[in-house]
Amino acid sequence: MATLTVLEGSNAGREYDLPDVCFLGRSAQCDVRVGDLTVSRRHCKIQRQNGKYFVEDLGSGNGTYVNRQLIVREELHHNDEIRIGHSRFRFSDRSRVLPAIRDVQTTSLGASPGQPMALEQHTSIDQAIDTSQDLLLRPPDPHGSRSELERVYRRLQTIYAVSQAVSNILSIDQLFDEILKQLMLVFPQADRGMVLVLDERSPALVPYAARHRGASRDGVPYNPPREAGRGQVPQAVIEAVVHKRKAVLVSERLPEVPPRQITMTGVYQGSAMYAPLVASGEVLGILQLTAGPAQLFHRDDLDLHAGIAVQAGVALANARLHDRLLQQNRMHEELLVAEQIQRSFLPRVQPTVPGYSFYAHYDPAYEVGGDFYDFIQLPDNRLAILIGDVSGKGVPAALLMARMASELRVCALAEREPARVMSRVNRSLIEMGHMDMFVTAIYAVLDPPQRRITWANAGHLPPYLRRARSPGQVEVLHSAASLALGILPDSEYDESCCELDQGDAVVFITDGVIEAKNSHAEEFGLNRLARVVAQASSAGEILARILDQVGQHVGGAAQYDDLTVVTVGYTGATDSWTIDKTHRLATRRPPLR
């Protein structure tokens, strides 16, 4: 069964089993739903044909990439990386993982990955062990001699000692150094040892560490890796070890050169052993050992070498997992700091304007998000109210959010009309060069003495107006909706306005409110939102009811979009009940995660 693992984006870390046809996109009907505005509703599909998997772009706006290359239709191989919008996936097909690396090449240590070895020897595979079966530590013949039992005992004892030596090492560099050190101790006839690792991002077999008996460190033959990297792995050996998962004993020679002779280049032509480094059924690399001058390896040596390679493969997998956990911990700590910095861009307290009340709530889906809101004090006692949503999620959206919040503050103080502010911000965003990201926003200006709100809408959800004179009814302010910021450089923005009577309230939201889903993937929706707004009697109660009803709707279901609500009400008097109820309802609900 092939799988798709989310590396970055919503649902990061989740693994999907791929059916014969799998659709990826923003729509709830897709098999893999991606909560990202830069992703089309049906962005691409992965389809199985004749035992192979193909990914096909479905005319998406921002394209589909495989291993950073824009594609229309492309065959997928094990460990290929797919990117749509701000989400990255890794394709895995265990049934084809070994054939997919049959054409792997090796590089000399210190050389560039992917550069093939220069010399292909005349190779004779004298012995082979199938490591996919339980043959490494197979029991001896019960009718065998005492010496046979002693030989098996010594082999088990040696493998156990090596396992103990490497089991607690979590640094990959130290791990390989210790493995090669143990090999040199176990096999006195060995002249050179090498670890070759399959690159995790490409089918390249790269020498990672090596030792030889040309020098000594800690009483063990040693040579720095870059000085020892002259060994070569014949393609026949790669085929047997990587593809067929066999440990092999090899005799190598040039046609005109006798066995067991060192060439002028320092490459030994003689006896060598190669064993796969395997963990959880996956080949991670090759453990190579070459005999010294006038020395040979035998079948017993190959049994022992293969057993050591099994332990080394498990230790390598553990070390890699440890590295990933350390990276995740560092990333988590950095995100916590980023969350604190991002929240510093939001207002710490709501503005105080006689006769008006202001309430706001911000809840990112992850540690950092792309929603933002702000209150900006303008000349002539006017107040700007801003709410916006950056396309995408996570750190990229948060960084652009911070830049946009600063840019909007500058433009708000430089321009009087909301439409001109939006035009200026749009040009600035285009000049930033974020061609794959855009921003929806509403910029509104409240004139308190006139009881008037004037706004410009850049592709954002329209505001809701609850009139006190019409209880139970809500007006959706659809007018003046223009193109989102950052799409076209010459976009024009219209203005709309409305006057407030005592008891009226205006509600601004981001799409995280209406797209909040319960465990049955049912969205909260515009109709529920309208009913909640209609049932409330003030701006503070509107916010409290929205948070309470959305929380009840989603229950414990995970949310993948940021949620922001800003409400403005004209009261003409202080409403302490509203403030108290808002506090009680908002503080008792858990975050919508």
# chains A, B, ... in the order shown; residues from 1 in each chain; ligands from 1
$ select_by_dssp --residues "stretch 376-496 of chain A" --states "helix (DSSP H, G or I)" --output "ChimeraX atom specification"
/A:379-381,394-414,418-432
$ write_last_selection --atoms "C-alpha atoms" --output "mmCIF file, in the first residue's frame"
data_model
loop_
_atom_site.group_PDB
_atom_site.id
_atom_site.type_symbol
_atom_site.label_atom_id
_atom_site.label_comp_id
_atom_site.auth_asym_id
_atom_site.auth_seq_id
_atom_site.Cartn_x
_atom_site.Cartn_y
_atom_site.Cartn_z
ATOM 1 C CA PRO A 379 -6.428 62.272 13.484
ATOM 2 C CA ASP A 380 -9.717 64.084 14.185
ATOM 3 C CA ASN A 381 -10.633 61.475 16.813
ATOM 4 C CA GLY A 394 2.039 28.675 9.788
ATOM 5 C CA VAL A 395 5.255 30.678 9.791
ATOM 6 C CA PRO A 396 5.122 32.068 6.200
ATOM 7 C CA ALA A 397 1.636 33.469 6.790
ATOM 8 C CA ALA A 398 2.654 34.847 10.192
ATOM 9 C CA LEU A 399 5.652 36.668 8.736
ATOM 10 C CA LEU A 400 3.556 38.234 6.008
ATOM 11 C CA MET A 401 0.902 39.101 8.590
ATOM 12 C CA ALA A 402 3.474 41.014 10.645
ATOM 13 C CA ARG A 403 4.647 42.900 7.566
ATOM 14 C CA MET A 404 1.074 43.686 6.498
ATOM 15 C CA ALA A 405 0.095 44.942 9.949
ATOM 16 C CA SER A 406 3.020 47.381 9.929
ATOM 17 C CA GLU A 407 2.336 48.472 6.361
ATOM 18 C CA LEU A 408 -1.326 49.112 7.062
ATOM 19 C CA ARG A 409 -0.502 51.275 10.080
ATOM 20 C CA VAL A 410 1.812 53.424 7.962
ATOM 21 C CA CYS A 411 -0.722 53.779 5.141
ATOM 22 C CA ALA A 412 -3.594 54.476 7.552
ATOM 23 C CA LEU A 413 -1.748 57.482 8.946
ATOM 24 C CA ALA A 414 -0.776 58.693 5.476
ATOM 25 C CA PRO A 418 -10.124 53.634 3.197
ATOM 26 C CA ALA A 419 -10.038 52.975 -0.567
ATOM 27 C CA ARG A 420 -6.749 54.872 -0.940
ATOM 28 C CA VAL A 421 -5.283 52.997 2.009
ATOM 29 C CA MET A 422 -6.154 49.682 0.375
ATOM 30 C CA SER A 423 -4.676 50.740 -2.979
ATOM 31 C CA ARG A 424 -1.431 51.796 -1.357
ATOM 32 C CA VAL A 425 -1.140 48.582 0.686
ATOM 33 C CA ASN A 426 -1.891 46.521 -2.415
ATOM 34 C CA ARG A 427 0.973 48.158 -4.324
ATOM 35 C CA SER A 428 3.321 47.570 -1.405
ATOM 36 C CA LEU A 429 2.381 43.893 -1.249
ATOM 37 C CA ILE A 430 2.975 43.487 -4.996
ATOM 38 C CA GLU A 431 6.384 45.140 -4.623
ATOM 39 C CA MET A 432 7.285 42.658 -1.867
#
$ residues_around --residues "A:Asp374" --least-positions-apart "2" --cutoff "9 Å" --atoms "only C-alpha atoms" --output "PyMOL selection string"
chain A and resi 345-347+372+376+384-387+405+409
$ atom_distance --atom1 "atom CA of A:Tyr373" --atom2 "atom CA of A:Gly61"
27.6 Å
$ residues_around --residues "A:Gly25" --least-positions-apart "6" --cutoff "8 Å" --atoms "only C-alpha atoms" --output "ChimeraX atom specification"
/A:32-34,39-44
$ residues_around --residues "A:Asn318" --least-positions-apart "2" --cutoff "10 Å" --atoms "only C-alpha atoms" --output "count of residues only"
17
$ residues_around --residues "stretch 519-535 of chain A" --least-positions-apart "3" --cutoff "8 Å" --atoms "only C-alpha atoms" --output "CSV table (one decimal) with all heavy atoms, in the first residue's frame"
chain,number,residue,atom,x,y,z
A,28,ALA,N,-13.9,20.0,0.9
A,28,ALA,CA,-14.2,19.0,1.9
A,28,ALA,C,-14.4,17.6,1.2
A,28,ALA,O,-14.4,16.6,1.9
A,28,ALA,CB,-15.4,19.3,2.7
A,464,TYR,N,-21.3,42.0,9.1
A,464,TYR,CA,-22.7,41.8,9.5
A,464,TYR,C,-23.1,43.0,10.4
A,464,TYR,O,-22.4,43.4,11.2
A,464,TYR,CB,-22.9,40.5,10.3
A,464,TYR,CG,-22.9,39.2,9.5
A,464,TYR,CD1,-21.7,38.9,8.8
A,464,TYR,CD2,-24.0,38.5,9.4
A,464,TYR,CE1,-21.7,37.7,8.0
A,464,TYR,CE2,-24.0,37.3,8.6
A,464,TYR,CZ,-22.9,36.9,7.9
A,464,TYR,OH,-22.9,35.8,7.2
A,466,ARG,N,-26.2,44.2,12.9
A,466,ARG,CA,-27.4,43.9,13.6
A,466,ARG,C,-28.1,45.2,14.1
A,466,ARG,O,-27.5,46.0,14.8
A,466,ARG,CB,-27.1,43.1,14.8
A,466,ARG,CG,-28.4,42.5,15.5
A,466,ARG,CD,-28.1,42.1,16.9
A,466,ARG,NE,-27.7,43.3,17.8
A,466,ARG,CZ,-28.6,44.1,18.3
A,466,ARG,NH1,-29.9,43.9,18.1
A,466,ARG,NH2,-28.2,45.1,19.0
A,471,PRO,N,-35.1,43.7,15.8
A,471,PRO,CA,-34.7,42.6,16.5
A,471,PRO,C,-34.8,41.3,15.7
A,471,PRO,O,-35.8,41.1,15.1
A,471,PRO,CB,-35.5,42.6,17.8
A,471,PRO,CG,-36.0,44.0,17.9
A,471,PRO,CD,-36.2,44.5,16.5
A,472,GLY,N,-33.9,40.4,15.8
A,472,GLY,CA,-33.9,39.1,15.2
A,472,GLY,C,-33.5,39.1,13.7
A,472,GLY,O,-33.6,38.1,13.0
A,473,GLN,N,-33.1,40.3,13.2
A,473,GLN,CA,-32.7,40.4,11.8
A,473,GLN,C,-31.3,40.9,11.7
A,473,GLN,O,-30.8,41.6,12.6
A,473,GLN,CB,-33.6,41.4,11.1
A,473,GLN,CG,-35.1,40.9,11.0
A,473,GLN,CD,-35.9,41.8,10.2
A,473,GLN,OE1,-35.4,42.7,9.5
A,473,GLN,NE2,-37.3,41.7,10.2
A,474,VAL,N,-30.6,40.4,10.7
A,474,VAL,CA,-29.2,40.8,10.4
A,474,VAL,C,-29.1,41.2,9.0
A,474,VAL,O,-29.6,40.6,8.1
A,474,VAL,CB,-28.3,39.6,10.7
A,474,VAL,CG1,-26.9,39.9,10.3
A,474,VAL,CG2,-28.4,39.2,12.2
A,513,VAL,N,-14.3,31.2,11.3
A,513,VAL,CA,-15.6,31.1,12.0
A,513,VAL,C,-16.6,30.2,11.2
A,513,VAL,O,-17.1,29.2,11.7
A,513,VAL,CB,-16.2,32.5,12.3
A,513,VAL,CG1,-17.6,32.3,12.9
A,513,VAL,CG2,-15.2,33.3,13.1
A,514,ILE,N,-16.8,30.6,10.0
A,514,ILE,CA,-17.9,29.8,9.2
A,514,ILE,C,-17.4,28.5,8.8
A,514,ILE,O,-18.2,27.6,8.5
A,514,ILE,CB,-18.3,30.7,8.0
A,514,ILE,CG1,-17.2,31.0,7.1
A,514,ILE,CG2,-19.0,32.0,8.5
A,514,ILE,CD1,-17.6,31.6,5.8
A,515,GLU,N,-16.0,28.3,8.7
A,515,GLU,CA,-15.5,27.0,8.2
A,515,GLU,C,-15.1,26.1,9.4
A,515,GLU,O,-14.5,25.0,9.1
A,515,GLU,CB,-14.3,27.2,7.3
A,515,GLU,CG,-14.6,27.9,6.0
A,515,GLU,CD,-13.4,28.1,5.1
A,515,GLU,OE1,-12.3,27.7,5.5
A,515,GLU,OE2,-13.6,28.6,4.0
A,516,ALA,N,-15.4,26.5,10.6
A,516,ALA,CA,-15.1,25.6,11.7
A,516,ALA,C,-16.0,24.3,11.6
A,516,ALA,O,-17.2,24.4,11.4
A,516,ALA,CB,-15.5,26.3,13.0
A,542,ILE,N,-22.6,39.5,21.2
A,542,ILE,CA,-22.4,38.9,19.9
A,542,ILE,C,-21.1,38.1,19.9
A,542,ILE,O,-21.1,36.9,19.5
A,542,ILE,CB,-22.4,39.9,18.8
A,542,ILE,CG1,-23.8,40.5,18.5
A,542,ILE,CG2,-21.8,39.3,17.5
A,542,ILE,CD1,-23.8,41.6,17.5
A,545,ARG,N,-21.4,35.0,22.2
A,545,ARG,CA,-22.3,33.9,21.6
A,545,ARG,C,-21.6,33.2,20.5
A,545,ARG,O,-21.7,32.0,20.3
A,545,ARG,CB,-23.6,34.5,21.2
A,545,ARG,CG,-24.6,34.8,22.3
A,545,ARG,CD,-25.9,35.3,21.8
A,545,ARG,NE,-26.9,35.6,22.9
A,545,ARG,CZ,-27.6,34.7,23.5
A,545,ARG,NH1,-27.6,33.4,23.0
A,545,ARG,NH2,-28.5,35.0,24.4
A,546,ILE,N,-20.9,34.0,19.6
A,546,ILE,CA,-20.2,33.3,18.5
A,546,ILE,C,-19.1,32.3,19.0
A,546,ILE,O,-19.1,31.2,18.6
A,546,ILE,CB,-19.5,34.4,17.6
A,546,ILE,CG1,-20.5,35.2,16.9
A,546,ILE,CG2,-18.5,33.8,16.7
A,546,ILE,CD1,-19.9,36.4,16.1
A,549,GLN,N,-21.0,29.3,20.6
A,549,GLN,CA,-21.7,28.4,19.7
A,549,GLN,C,-20.7,27.7,18.8
A,549,GLN,O,-20.9,26.5,18.5
A,549,GLN,CB,-22.7,29.2,18.8
A,549,GLN,CG,-23.9,29.8,19.6
A,549,GLN,CD,-24.7,28.6,20.2
A,549,GLN,OE1,-25.1,27.7,19.5
A,549,GLN,NE2,-25.0,28.7,21.5
A,550,VAL,N,-19.7,28.4,18.4
A,550,VAL,CA,-18.6,27.7,17.6
A,550,VAL,C,-18.0,26.6,18.4
A,550,VAL,O,-17.7,25.5,17.9
A,550,VAL,CB,-17.6,28.7,17.0
A,550,VAL,CG1,-16.4,28.0,16.4
A,550,VAL,CG2,-18.2,29.6,16.0
A,553,HIS,N,-20.2,23.7,18.6
A,553,HIS,CA,-20.3,23.0,17.3
A,553,HIS,C,-19.1,22.1,17.0
A,553,HIS,O,-19.3,20.9,16.6
A,553,HIS,CB,-20.4,24.1,16.2
A,553,HIS,CG,-20.4,23.5,14.8
A,553,HIS,ND1,-21.5,22.8,14.2
A,553,HIS,CD2,-19.5,23.4,13.8
A,553,HIS,CE1,-21.2,22.4,13.0
A,553,HIS,NE2,-20.0,22.8,12.7
A,554,VAL,N,-17.9,22.6,17.2
A,554,VAL,CA,-16.7,21.8,16.8
A,554,VAL,C,-16.5,20.7,17.9
A,554,VAL,O,-15.9,19.7,17.6
A,554,VAL,CB,-15.5,22.7,16.7
A,554,VAL,CG1,-15.7,23.7,15.6
A,554,VAL,CG2,-15.1,23.3,18.0
A,555,GLY,N,-16.9,20.9,19.1
A,555,GLY,CA,-16.6,19.9,20.2
A,555,GLY,C,-15.1,19.7,20.3
A,555,GLY,O,-14.4,20.7,20.5
A,556,GLY,N,-14.7,18.5,20.2
A,556,GLY,CA,-13.2,18.2,20.3
A,556,GLY,C,-12.5,18.1,19.0
A,556,GLY,O,-11.4,17.6,18.9
A,557,ALA,N,-13.2,18.4,17.9
A,557,ALA,CA,-12.6,18.2,16.6
A,557,ALA,C,-11.5,19.2,16.4
A,557,ALA,O,-11.6,20.4,16.7
A,557,ALA,CB,-13.7,18.4,15.5
$ atom_distance --atom1 "atom CA of A:Thr290" --atom2 "atom CA of A:Pro276"
15.1 Å
$ residues_around --residues "stretch 450-459 of chain A" --least-positions-apart "2" --cutoff "7 Å" --atoms "only C-alpha atoms" --output "list in words"
Pro418, Ala419, Thr440, Ala441, Ile442, Tyr443, Ala444, Val445, Leu446, Asp447, Pro448, Leu461, Ala480, Ala481, Ser482, Leu483, Ala484, Leu485, Tyr493, Asp494, Glu495, Ser496, Cys497, Cys498, Glu499 and Leu500 of chain A
$ write_last_selection --atoms "N, CA, C and O atoms" --output "mmCIF file, in the first residue's frame"
data_model
loop_
_atom_site.group_PDB
_atom_site.id
_atom_site.type_symbol
_atom_site.label_atom_id
_atom_site.label_comp_id
_atom_site.auth_asym_id
_atom_site.auth_seq_id
_atom_site.Cartn_x
_atom_site.Cartn_y
_atom_site.Cartn_z
ATOM 1 N N PRO A 418 -10.431 55.065 3.153
ATOM 2 C CA PRO A 418 -10.124 53.634 3.197
ATOM 3 C C PRO A 418 -9.719 53.057 1.841
ATOM 4 O O PRO A 418 -8.830 52.203 1.774
ATOM 5 N N ALA A 419 -10.367 53.507 0.751
ATOM 6 C CA ALA A 419 -10.038 52.975 -0.567
ATOM 7 C C ALA A 419 -8.594 53.289 -0.945
ATOM 8 O O ALA A 419 -7.885 52.455 -1.523
ATOM 9 N N THR A 440 -6.720 38.890 2.217
ATOM 10 C CA THR A 440 -8.069 39.469 2.229
ATOM 11 C C THR A 440 -8.180 40.331 3.486
ATOM 12 O O THR A 440 -7.669 39.958 4.552
ATOM 13 N N ALA A 441 -8.842 41.476 3.358
ATOM 14 C CA ALA A 441 -8.893 42.389 4.508
ATOM 15 C C ALA A 441 -10.053 43.357 4.367
ATOM 16 O O ALA A 441 -10.533 43.630 3.260
ATOM 17 N N ILE A 442 -10.486 43.869 5.506
ATOM 18 C CA ILE A 442 -11.433 44.987 5.568
ATOM 19 C C ILE A 442 -10.769 46.093 6.383
ATOM 20 O O ILE A 442 -10.264 45.848 7.494
ATOM 21 N N TYR A 443 -10.750 47.275 5.791
ATOM 22 C CA TYR A 443 -10.238 48.443 6.501
ATOM 23 C C TYR A 443 -11.399 49.415 6.663
ATOM 24 O O TYR A 443 -11.969 49.898 5.677
ATOM 25 N N ALA A 444 -11.782 49.648 7.918
ATOM 26 C CA ALA A 444 -12.938 50.501 8.211
ATOM 27 C C ALA A 444 -12.501 51.673 9.084
ATOM 28 O O ALA A 444 -11.575 51.552 9.894
ATOM 29 N N VAL A 445 -13.181 52.807 8.911
ATOM 30 C CA VAL A 445 -12.908 53.997 9.715
ATOM 31 C C VAL A 445 -14.199 54.411 10.409
ATOM 32 O O VAL A 445 -15.234 54.623 9.761
ATOM 33 N N LEU A 446 -14.128 54.521 11.736
ATOM 34 C CA LEU A 446 -15.270 54.955 12.543
ATOM 35 C C LEU A 446 -15.125 56.442 12.853
ATOM 36 O O LEU A 446 -14.101 56.889 13.378
ATOM 37 N N ASP A 447 -16.165 57.183 12.497
ATOM 38 C CA ASP A 447 -16.244 58.611 12.848
ATOM 39 C C ASP A 447 -17.246 58.716 13.995
ATOM 40 O O ASP A 447 -18.465 58.749 13.778
ATOM 41 N N PRO A 448 -16.772 58.757 15.258
ATOM 42 C CA PRO A 448 -17.696 58.696 16.406
ATOM 43 C C PRO A 448 -18.752 59.785 16.432
ATOM 44 O O PRO A 448 -19.945 59.480 16.664
ATOM 45 N N LEU A 461 -14.653 38.393 3.777
ATOM 46 C CA LEU A 461 -16.052 38.141 4.106
ATOM 47 C C LEU A 461 -16.729 39.452 4.501
ATOM 48 O O LEU A 461 -16.137 40.262 5.227
ATOM 49 N N ALA A 480 -19.271 46.914 -1.928
ATOM 50 C CA ALA A 480 -17.879 47.368 -1.886
ATOM 51 C C ALA A 480 -16.885 46.240 -1.683
ATOM 52 O O ALA A 480 -15.876 46.421 -1.046
ATOM 53 N N ALA A 481 -17.157 45.051 -2.232
ATOM 54 C CA ALA A 481 -16.194 43.956 -2.169
ATOM 55 C C ALA A 481 -15.321 43.987 -3.412
ATOM 56 O O ALA A 481 -15.815 43.957 -4.538
ATOM 57 N N SER A 482 -13.996 44.076 -3.246
ATOM 58 C CA SER A 482 -13.051 44.156 -4.361
ATOM 59 C C SER A 482 -12.072 42.983 -4.293
ATOM 60 O O SER A 482 -12.186 42.106 -3.434
ATOM 61 N N LEU A 483 -11.086 42.994 -5.202
ATOM 62 C CA LEU A 483 -10.116 41.913 -5.292
ATOM 63 C C LEU A 483 -9.196 41.915 -4.078
ATOM 64 O O LEU A 483 -8.906 42.966 -3.505
ATOM 65 N N ALA A 484 -8.738 40.738 -3.674
ATOM 66 C CA ALA A 484 -7.831 40.625 -2.534
ATOM 67 C C ALA A 484 -6.529 41.372 -2.803
ATOM 68 O O ALA A 484 -6.139 41.612 -3.957
ATOM 69 N N LEU A 485 -5.826 41.717 -1.745
ATOM 70 C CA LEU A 485 -4.557 42.425 -1.843
ATOM 71 C C LEU A 485 -3.457 41.487 -2.323
ATOM 72 O O LEU A 485 -3.395 40.323 -1.925
ATOM 73 N N TYR A 493 -10.390 49.928 -5.336
ATOM 74 C CA TYR A 493 -11.192 49.561 -4.175
ATOM 75 C C TYR A 493 -12.276 50.607 -3.943
ATOM 76 O O TYR A 493 -12.002 51.808 -3.938
ATOM 77 N N ASP A 494 -13.504 50.126 -3.787
ATOM 78 C CA ASP A 494 -14.641 50.997 -3.541
ATOM 79 C C ASP A 494 -14.885 51.143 -2.036
ATOM 80 O O ASP A 494 -14.360 50.369 -1.227
ATOM 81 N N GLU A 495 -15.693 52.113 -1.701
ATOM 82 C CA GLU A 495 -16.033 52.360 -0.310
ATOM 83 C C GLU A 495 -17.531 52.230 -0.094
ATOM 84 O O GLU A 495 -18.330 52.500 -0.994
ATOM 85 N N SER A 496 -17.884 51.814 1.099
ATOM 86 C CA SER A 496 -19.281 51.795 1.524
ATOM 87 C C SER A 496 -19.331 52.362 2.930
ATOM 88 O O SER A 496 -18.318 52.411 3.638
ATOM 89 N N CYS A 497 -20.523 52.784 3.352
ATOM 90 C CA CYS A 497 -20.650 53.339 4.698
ATOM 91 C C CYS A 497 -22.040 53.058 5.241
ATOM 92 O O CYS A 497 -22.976 52.756 4.480
ATOM 93 N N CYS A 498 -22.168 53.143 6.529
ATOM 94 C CA CYS A 498 -23.458 53.013 7.175
ATOM 95 C C CYS A 498 -23.432 53.831 8.463
ATOM 96 O O CYS A 498 -22.362 54.038 9.065
ATOM 97 N N GLU A 499 -24.610 54.290 8.869
ATOM 98 C CA GLU A 499 -24.730 55.034 10.111
ATOM 99 C C GLU A 499 -25.307 54.134 11.191
ATOM 100 O O GLU A 499 -26.160 53.282 10.915
ATOM 101 N N LEU A 500 -24.819 54.317 12.400
ATOM 102 C CA LEU A 500 -25.222 53.475 13.513
ATOM 103 C C LEU A 500 -26.218 54.207 14.409
ATOM 104 O O LEU A 500 -26.039 55.398 14.716
#
$ decode --residues "stretch 390-457 of chain A" --atoms "C-alpha atoms" --output "short mmCIF file (atom, residue, chain, number, x, y, z; two decimals), in the first residue's frame"
data_model
loop_
_atom_site.label_atom_id
_atom_site.label_comp_id
_atom_site.auth_asym_id
_atom_site.auth_seq_id
_atom_site.Cartn_x
_atom_site.Cartn_y
_atom_site.Cartn_z
CA VAL A 390 -3.21 35.99 4.89
CA SER A 391 -3.43 33.03 2.52
CA GLY A 392 -1.70 29.96 3.91
CA LYS A 393 -0.88 28.93 7.44
CA GLY A 394 2.04 28.68 9.79
CA VAL A 395 5.25 30.68 9.79
CA PRO A 396 5.12 32.07 6.20
CA ALA A 397 1.64 33.47 6.79
CA ALA A 398 2.65 34.85 10.19
CA LEU A 399 5.65 36.67 8.74
CA LEU A 400 3.56 38.23 6.01
CA MET A 401 0.90 39.10 8.59
CA ALA A 402 3.47 41.01 10.64
CA ARG A 403 4.65 42.90 7.57
CA MET A 404 1.07 43.69 6.50
CA ALA A 405 0.10 44.94 9.95
CA SER A 406 3.02 47.38 9.93
CA GLU A 407 2.34 48.47 6.36
CA LEU A 408 -1.33 49.11 7.06
CA ARG A 409 -0.50 51.27 10.08
CA VAL A 410 1.81 53.42 7.96
CA CYS A 411 -0.72 53.78 5.14
CA ALA A 412 -3.59 54.48 7.55
CA LEU A 413 -1.75 57.48 8.95
CA ALA A 414 -0.78 58.69 5.48
CA GLU A 415 -4.14 58.39 3.70
CA ARG A 416 -7.61 59.49 4.83
CA GLU A 417 -9.94 57.42 2.64
CA PRO A 418 -10.12 53.63 3.20
CA ALA A 419 -10.04 52.97 -0.57
CA ARG A 420 -6.75 54.87 -0.94
CA VAL A 421 -5.28 53.00 2.01
CA MET A 422 -6.15 49.68 0.37
CA SER A 423 -4.68 50.74 -2.98
CA ARG A 424 -1.43 51.80 -1.36
CA VAL A 425 -1.14 48.58 0.69
CA ASN A 426 -1.89 46.52 -2.42
CA ARG A 427 0.97 48.16 -4.32
CA SER A 428 3.32 47.57 -1.40
CA LEU A 429 2.38 43.89 -1.25
CA ILE A 430 2.98 43.49 -5.00
CA GLU A 431 6.38 45.14 -4.62
CA MET A 432 7.28 42.66 -1.87
CA GLY A 433 7.19 39.92 -4.50
CA HIS A 434 5.00 37.40 -2.66
CA MET A 435 3.45 36.15 -5.89
CA ASP A 436 2.08 32.96 -4.32
CA MET A 437 0.41 34.69 -1.36
CA PHE A 438 -2.40 37.20 -1.02
CA VAL A 439 -4.36 38.92 1.73
CA THR A 440 -8.07 39.47 2.23
CA ALA A 441 -8.89 42.39 4.51
CA ILE A 442 -11.43 44.99 5.57
CA TYR A 443 -10.24 48.44 6.50
CA ALA A 444 -12.94 50.50 8.21
CA VAL A 445 -12.91 54.00 9.72
CA LEU A 446 -15.27 54.96 12.54
CA ASP A 447 -16.24 58.61 12.85
CA PRO A 448 -17.70 58.70 16.41
CA PRO A 449 -19.47 62.10 16.30
CA GLN A 450 -21.16 61.22 13.01
CA ARG A 451 -21.92 57.63 14.14
CA ARG A 452 -20.68 56.50 10.73
CA ILE A 453 -18.46 53.60 9.65
CA THR A 454 -16.83 53.78 6.21
CA TRP A 455 -14.96 50.75 4.88
CA ALA A 456 -13.22 49.16 1.91
CA ASN A 457 -13.33 45.40 1.41
#
